[in-house]
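Some notes on the structure that comes next.
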Amino acid sequence: MAAIQEAEGRDVPDFSALPDECIAAVVSLTSPADACRLATLSSNCKSACDSDVVWASFLPPECPQTVSRSVSSLKELYFNLCDDPVLIGDGKMSYSLDRHSGKKCIMLSARALSITWGDTPNYWSWTCLPNSRFAEVAELIDVCWLEIRGMISSGMLSPGTHYAAYLVYKITPASYGFEFQPVEVEARFAGDEAASVSTQ
């Protein structure tokens, strides 16, 4: 950006010429993606956009209590949380941030779910997988009724945010029984009637 730009016949001051404190205050009202873009305008902008003042505004308030890491800046902490989820809740949940928006992403482990007959060795086994972020995963052996339920406190989620829920699982070559059975999915607030969707 040039120091002085011509716009509609008037001189427009350069944003990057403002004091670092002013730039940081403005950028903290934007988004992580905007902060990264604005940091490329000039060295002055980069200094302000990389400051803890800016990145503190993008981190959830509970981050200092939830996450304990040795980092040199809050920007580094932010991107660490985006790229490397941390385990919380006695290792039964993982906590990360969406890189673009900074919204919280929570994943429940199999141990945090309610699995029908999950403690019956004839139907399920508990094992570990090298690529799993959790210590244990549930392996289905054989059941005639597959029902899995999960619950999370809405207070753990980012307010004013649309969320999607996913069931993450791995199919083995020897698996069977899912080809012709419809899957019914329900999502609801505790105490409310479920919104249910059936899918093949």
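Ligands are numbered from 1 in the order shown, chains are lettered A, B, ... in the order of the structure tokens, and residues start at 1 in each chain.
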
List the neighbours of A:Asp98 out to 9 Å using only C-alpha atoms; skip same-chain residues closer than 5 positions along the sequence, and give me the result as a ChimeraX atom specification. /A:81-82,103-105

I need the residues from that last selection saved to file as an mmCIF file, in the first residue's frame (with N, CA and C atoms), if you can.
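Written output follows (result15.cif):
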```
data_model
loop_
_atom_site.group_PDB
_atom_site.id
_atom_site.type_symbol
_atom_site.label_atom_id
_atom_site.label_comp_id
_atom_site.auth_asym_id
_atom_site.auth_seq_id
_atom_site.Cartn_x
_atom_site.Cartn_y
_atom_site.Cartn_z
ATOM 1 N N LEU A 81 -2.907 -25.068 18.330
ATOM 2 C CA LEU A 81 -4.214 -25.648 18.613
ATOM 3 C C LEU A 81 -4.956 -26.024 17.336
ATOM 4 N N CYS A 82 -4.665 -25.334 16.244
ATOM 5 C CA CYS A 82 -5.277 -25.688 14.959
ATOM 6 C C CYS A 82 -4.692 -26.984 14.404
ATOM 7 N N LYS A 103 -13.026 -20.964 15.743
ATOM 8 C CA LYS A 103 -14.079 -21.610 16.526
ATOM 9 C C LYS A 103 -13.585 -22.946 17.080
ATOM 10 N N LYS A 104 -14.152 -23.329 18.213
ATOM 11 C CA LYS A 104 -13.712 -24.550 18.889
ATOM 12 C C LYS A 104 -14.248 -25.807 18.202
ATOM 13 N N CYS A 105 -13.397 -26.815 18.121
ATOM 14 C CA CYS A 105 -13.764 -28.128 17.583
ATOM 15 C C CYS A 105 -13.532 -29.164 18.686
#
```

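In terms of minimum interatomic distance to A:Thr172, A:Leu140 ranks closest within A:Leu97, A:Ala25, A:Leu140, A:Ala48, counting only C-alpha atoms.
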
Length of the atom CA of A:Arg111 to atom CA of A:Ala138 vector [Å]: 7.9 Å

Shell of 12 Å around A:Val143, only C-alpha atoms, local chain residues under 3 positions omitted, as a compact mmCIF listing (two decimals) with C-alpha atoms, in the first residue's frame:
```txt
# COMPACT_ATOMS: atom_id res chain seq x y z
CA ILE A 115 -22.33 -47.71 23.05
CA THR A 116 -25.00 -50.36 23.45
CA TRP A 117 -23.32 -53.57 24.71
CA GLY A 118 -19.99 -51.72 24.54
CA THR A 120 -19.72 -57.00 26.36
CA PRO A 121 -16.61 -58.79 24.99
CA ASN A 122 -18.71 -60.94 22.64
CA TYR A 123 -19.85 -57.81 20.81
CA TRP A 124 -17.12 -55.20 21.21
CA SER A 125 -13.42 -55.12 21.94
CA GLU A 139 -13.86 -52.39 17.63
CA LEU A 140 -17.20 -53.90 16.65
CA LEU A 146 -25.96 -50.96 16.77
CA GLU A 147 -26.68 -47.85 18.82
CA TYR A 176 -20.28 -56.62 6.62
CA GLY A 177 -23.88 -55.72 7.40
CA PHE A 178 -23.81 -51.99 6.59
```

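Within stretch 44-193 of chain A, DSSP run on the backbone puts these residues in alpha helix (DSSP H): Asn44, Cys45, Lys46, Ser47, Ala48, Cys49, Asp52, Val53, Val54, Trp55, Ala56, Cys63, Pro64, Gln65, Thr66, Leu74, Lys75, Glu76, Leu77, Tyr78, Phe79, Asn80, Leu81, Cys82 and Asp83 of chain A.
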
Selected residues written out, C-alpha atoms, as a short mmCIF file (atom, residue, chain, number, x, y, z; two decimals), in the first residue's frame:
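This went into result-v2.cif:
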```
data_model
loop_
_atom_site.label_atom_id
_atom_site.label_comp_id
_atom_site.auth_asym_id
_atom_site.auth_seq_id
_atom_site.Cartn_x
_atom_site.Cartn_y
_atom_site.Cartn_z
CA ASN A 44 4.73 -2.23 10.79
CA CYS A 45 1.47 -4.07 10.11
CA LYS A 46 3.14 -7.44 10.64
CA SER A 47 4.44 -6.39 14.04
CA ALA A 48 0.97 -5.27 15.13
CA CYS A 49 -0.88 -8.21 13.56
CA ASP A 52 -0.50 -10.98 21.62
CA VAL A 53 -3.15 -8.25 21.77
CA VAL A 54 -4.53 -9.43 18.43
CA TRP A 55 -4.28 -13.18 18.97
CA ALA A 56 -5.67 -13.05 22.50
CA CYS A 63 -7.52 -21.51 26.65
CA PRO A 64 -4.95 -20.60 29.35
CA GLN A 65 -6.65 -22.99 31.78
CA THR A 66 -7.38 -25.73 29.25
CA LEU A 74 -0.30 -16.35 21.45
CA LYS A 75 -0.19 -16.58 17.66
CA GLU A 76 1.96 -19.68 17.98
CA LEU A 77 -0.46 -21.09 20.55
CA TYR A 78 -3.37 -20.45 18.18
CA PHE A 79 -1.83 -22.34 15.28
CA ASN A 80 -0.61 -25.12 17.58
CA LEU A 81 -4.21 -25.65 18.61
CA CYS A 82 -5.28 -25.69 14.96
CA ASP A 83 -2.69 -28.25 13.89
#
```

A:Val26 environment, 12 Å, only C-alpha atoms, sequence neighbours closer than 2 positions dropped, as a ChimeraX atom specification: /A:15-16,18-24,28-31,34-35,38,45,48-49,53-54,57

Pull N, CA and C atoms from the residues just selected and write them as a short mmCIF file (atom, residue, chain, number, x, y, z; two decimals), in the first residue's frame.
```cif
data_model
loop_
_atom_site.label_atom_id
_atom_site.label_comp_id
_atom_site.auth_asym_id
_atom_site.auth_seq_id
_atom_site.Cartn_x
_atom_site.Cartn_y
_atom_site.Cartn_z
N PHE A 15 -2.95 3.00 6.13
CA PHE A 15 -3.34 2.28 7.35
C PHE A 15 -2.11 1.81 8.12
N SER A 16 -1.09 1.37 7.38
CA SER A 16 0.10 0.84 8.03
C SER A 16 0.94 1.91 8.71
N LEU A 18 -0.31 3.97 10.88
CA LEU A 18 -0.88 4.18 12.21
C LEU A 18 0.02 3.54 13.27
N PRO A 19 -0.08 3.99 14.52
CA PRO A 19 0.68 3.34 15.60
C PRO A 19 0.30 1.87 15.74
N ASP A 20 1.26 1.08 16.19
CA ASP A 20 1.02 -0.36 16.36
C ASP A 20 -0.21 -0.64 17.21
N GLU A 21 -0.39 0.15 18.28
CA GLU A 21 -1.51 -0.09 19.18
C GLU A 21 -2.84 0.09 18.47
N CYS A 22 -2.92 1.09 17.58
CA CYS A 22 -4.17 1.33 16.84
C CYS A 22 -4.43 0.20 15.85
N ILE A 23 -3.38 -0.21 15.14
CA ILE A 23 -3.54 -1.30 14.18
C ILE A 23 -3.99 -2.57 14.89
N ALA A 24 -3.34 -2.88 16.01
CA ALA A 24 -3.68 -4.09 16.76
C ALA A 24 -5.13 -4.05 17.25
N SER A 28 -7.81 -6.82 15.90
CA SER A 28 -8.38 -7.74 16.89
C SER A 28 -9.89 -7.88 16.73
N LEU A 29 -10.51 -6.97 15.98
CA LEU A 29 -11.96 -7.03 15.75
C LEU A 29 -12.29 -7.78 14.47
N THR A 30 -11.28 -8.31 13.78
CA THR A 30 -11.51 -9.01 12.53
C THR A 30 -11.48 -10.53 12.77
N SER A 31 -10.74 -11.25 11.97
CA SER A 31 -10.65 -12.71 12.09
C SER A 31 -9.20 -13.15 11.95
N ASP A 34 -8.05 -12.66 8.41
CA ASP A 34 -7.81 -11.25 8.09
C ASP A 34 -6.49 -10.78 8.68
N ALA A 35 -6.20 -11.21 9.90
CA ALA A 35 -4.96 -10.80 10.56
C ALA A 35 -3.74 -11.27 9.77
N LEU A 38 -3.52 -9.05 6.58
CA LEU A 38 -3.09 -7.68 6.88
C LEU A 38 -1.62 -7.63 7.27
N CYS A 45 2.71 -3.31 9.97
CA CYS A 45 1.47 -4.07 10.11
C CYS A 45 1.75 -5.47 10.65
N ALA A 48 2.23 -5.45 14.40
CA ALA A 48 0.97 -5.27 15.13
C ALA A 48 0.09 -6.51 15.01
N CYS A 49 0.00 -7.07 13.79
CA CYS A 49 -0.88 -8.21 13.56
C CYS A 49 -0.40 -9.47 14.25
N VAL A 53 -1.88 -8.97 21.66
CA VAL A 53 -3.15 -8.25 21.77
C VAL A 53 -4.14 -8.76 20.74
N VAL A 54 -3.67 -8.95 19.52
CA VAL A 54 -4.53 -9.43 18.43
C VAL A 54 -4.95 -10.88 18.66
N SER A 57 -7.51 -12.07 21.25
CA SER A 57 -8.93 -11.89 20.92
C SER A 57 -9.48 -13.06 20.11
#
```

Please return, as a ChimeraX atom specification, all residues of chain A that DSSP assigns to strand (DSSP E or B) on the basis of the backbone. /A:4-7,10-13,86-88,93-97,104-108,114-115,124-127,137-140,148-149,183-187,195-199

Only C-alpha atoms, please: the residues just picked out, written as an mmCIF file, in the first residue's frame.
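For reference, again_5.cif as written:
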```
data_model
loop_
_atom_site.group_PDB
_atom_site.id
_atom_site.type_symbol
_atom_site.label_atom_id
_atom_site.label_comp_id
_atom_site.auth_asym_id
_atom_site.auth_seq_id
_atom_site.Cartn_x
_atom_site.Cartn_y
_atom_site.Cartn_z
ATOM 1 C CA ILE A 4 -0.525 8.250 0.152
ATOM 2 C CA GLN A 5 -3.222 7.006 -2.197
ATOM 3 C CA GLU A 6 -5.531 9.015 -4.373
ATOM 4 C CA ALA A 7 -9.215 8.168 -3.877
ATOM 5 C CA ARG A 10 -8.628 13.106 -1.788
ATOM 6 C CA ASP A 11 -5.468 11.918 -0.087
ATOM 7 C CA VAL A 12 -6.059 8.728 1.920
ATOM 8 C CA PRO A 13 -3.681 8.047 4.852
ATOM 9 C CA VAL A 86 -4.953 -31.524 22.774
ATOM 10 C CA LEU A 87 -6.666 -34.081 24.971
ATOM 11 C CA ILE A 88 -9.002 -32.860 27.704
ATOM 12 C CA MET A 93 -12.084 -35.632 24.368
ATOM 13 C CA SER A 94 -9.875 -33.616 22.054
ATOM 14 C CA TYR A 95 -9.858 -29.835 21.748
ATOM 15 C CA SER A 96 -8.746 -27.868 18.692
ATOM 16 C CA LEU A 97 -9.505 -24.674 16.789
ATOM 17 C CA LYS A 104 -13.712 -24.550 18.889
ATOM 18 C CA CYS A 105 -13.764 -28.128 17.583
ATOM 19 C CA ILE A 106 -14.478 -30.907 20.070
ATOM 20 C CA MET A 107 -14.079 -34.616 19.376
ATOM 21 C CA LEU A 108 -15.396 -37.320 21.696
ATOM 22 C CA SER A 114 -22.582 -44.534 25.140
ATOM 23 C CA ILE A 115 -22.335 -47.708 23.045
ATOM 24 C CA TRP A 124 -17.122 -55.204 21.211
ATOM 25 C CA SER A 125 -13.417 -55.121 21.941
ATOM 26 C CA TRP A 126 -11.307 -52.187 23.083
ATOM 27 C CA THR A 127 -7.978 -51.755 21.378
ATOM 28 C CA VAL A 137 -10.863 -47.234 20.208
ATOM 29 C CA ALA A 138 -13.889 -49.514 20.107
ATOM 30 C CA GLU A 139 -13.856 -52.392 17.627
ATOM 31 C CA LEU A 140 -17.199 -53.896 16.653
ATOM 32 C CA ILE A 148 -24.165 -45.146 19.697
ATOM 33 C CA ARG A 149 -24.951 -41.979 21.627
ATOM 34 C CA VAL A 183 -28.705 -45.428 9.439
ATOM 35 C CA GLU A 184 -30.880 -43.205 11.608
ATOM 36 C CA VAL A 185 -29.258 -40.095 13.046
ATOM 37 C CA GLU A 186 -30.742 -37.882 15.760
ATOM 38 C CA ALA A 187 -29.543 -34.535 17.058
ATOM 39 C CA ALA A 195 -34.649 -34.150 14.934
ATOM 40 C CA SER A 196 -34.080 -37.435 13.145
ATOM 41 C CA VAL A 197 -32.722 -38.231 9.691
ATOM 42 C CA SER A 198 -32.511 -41.646 8.060
ATOM 43 C CA THR A 199 -29.846 -42.273 5.457
#
```
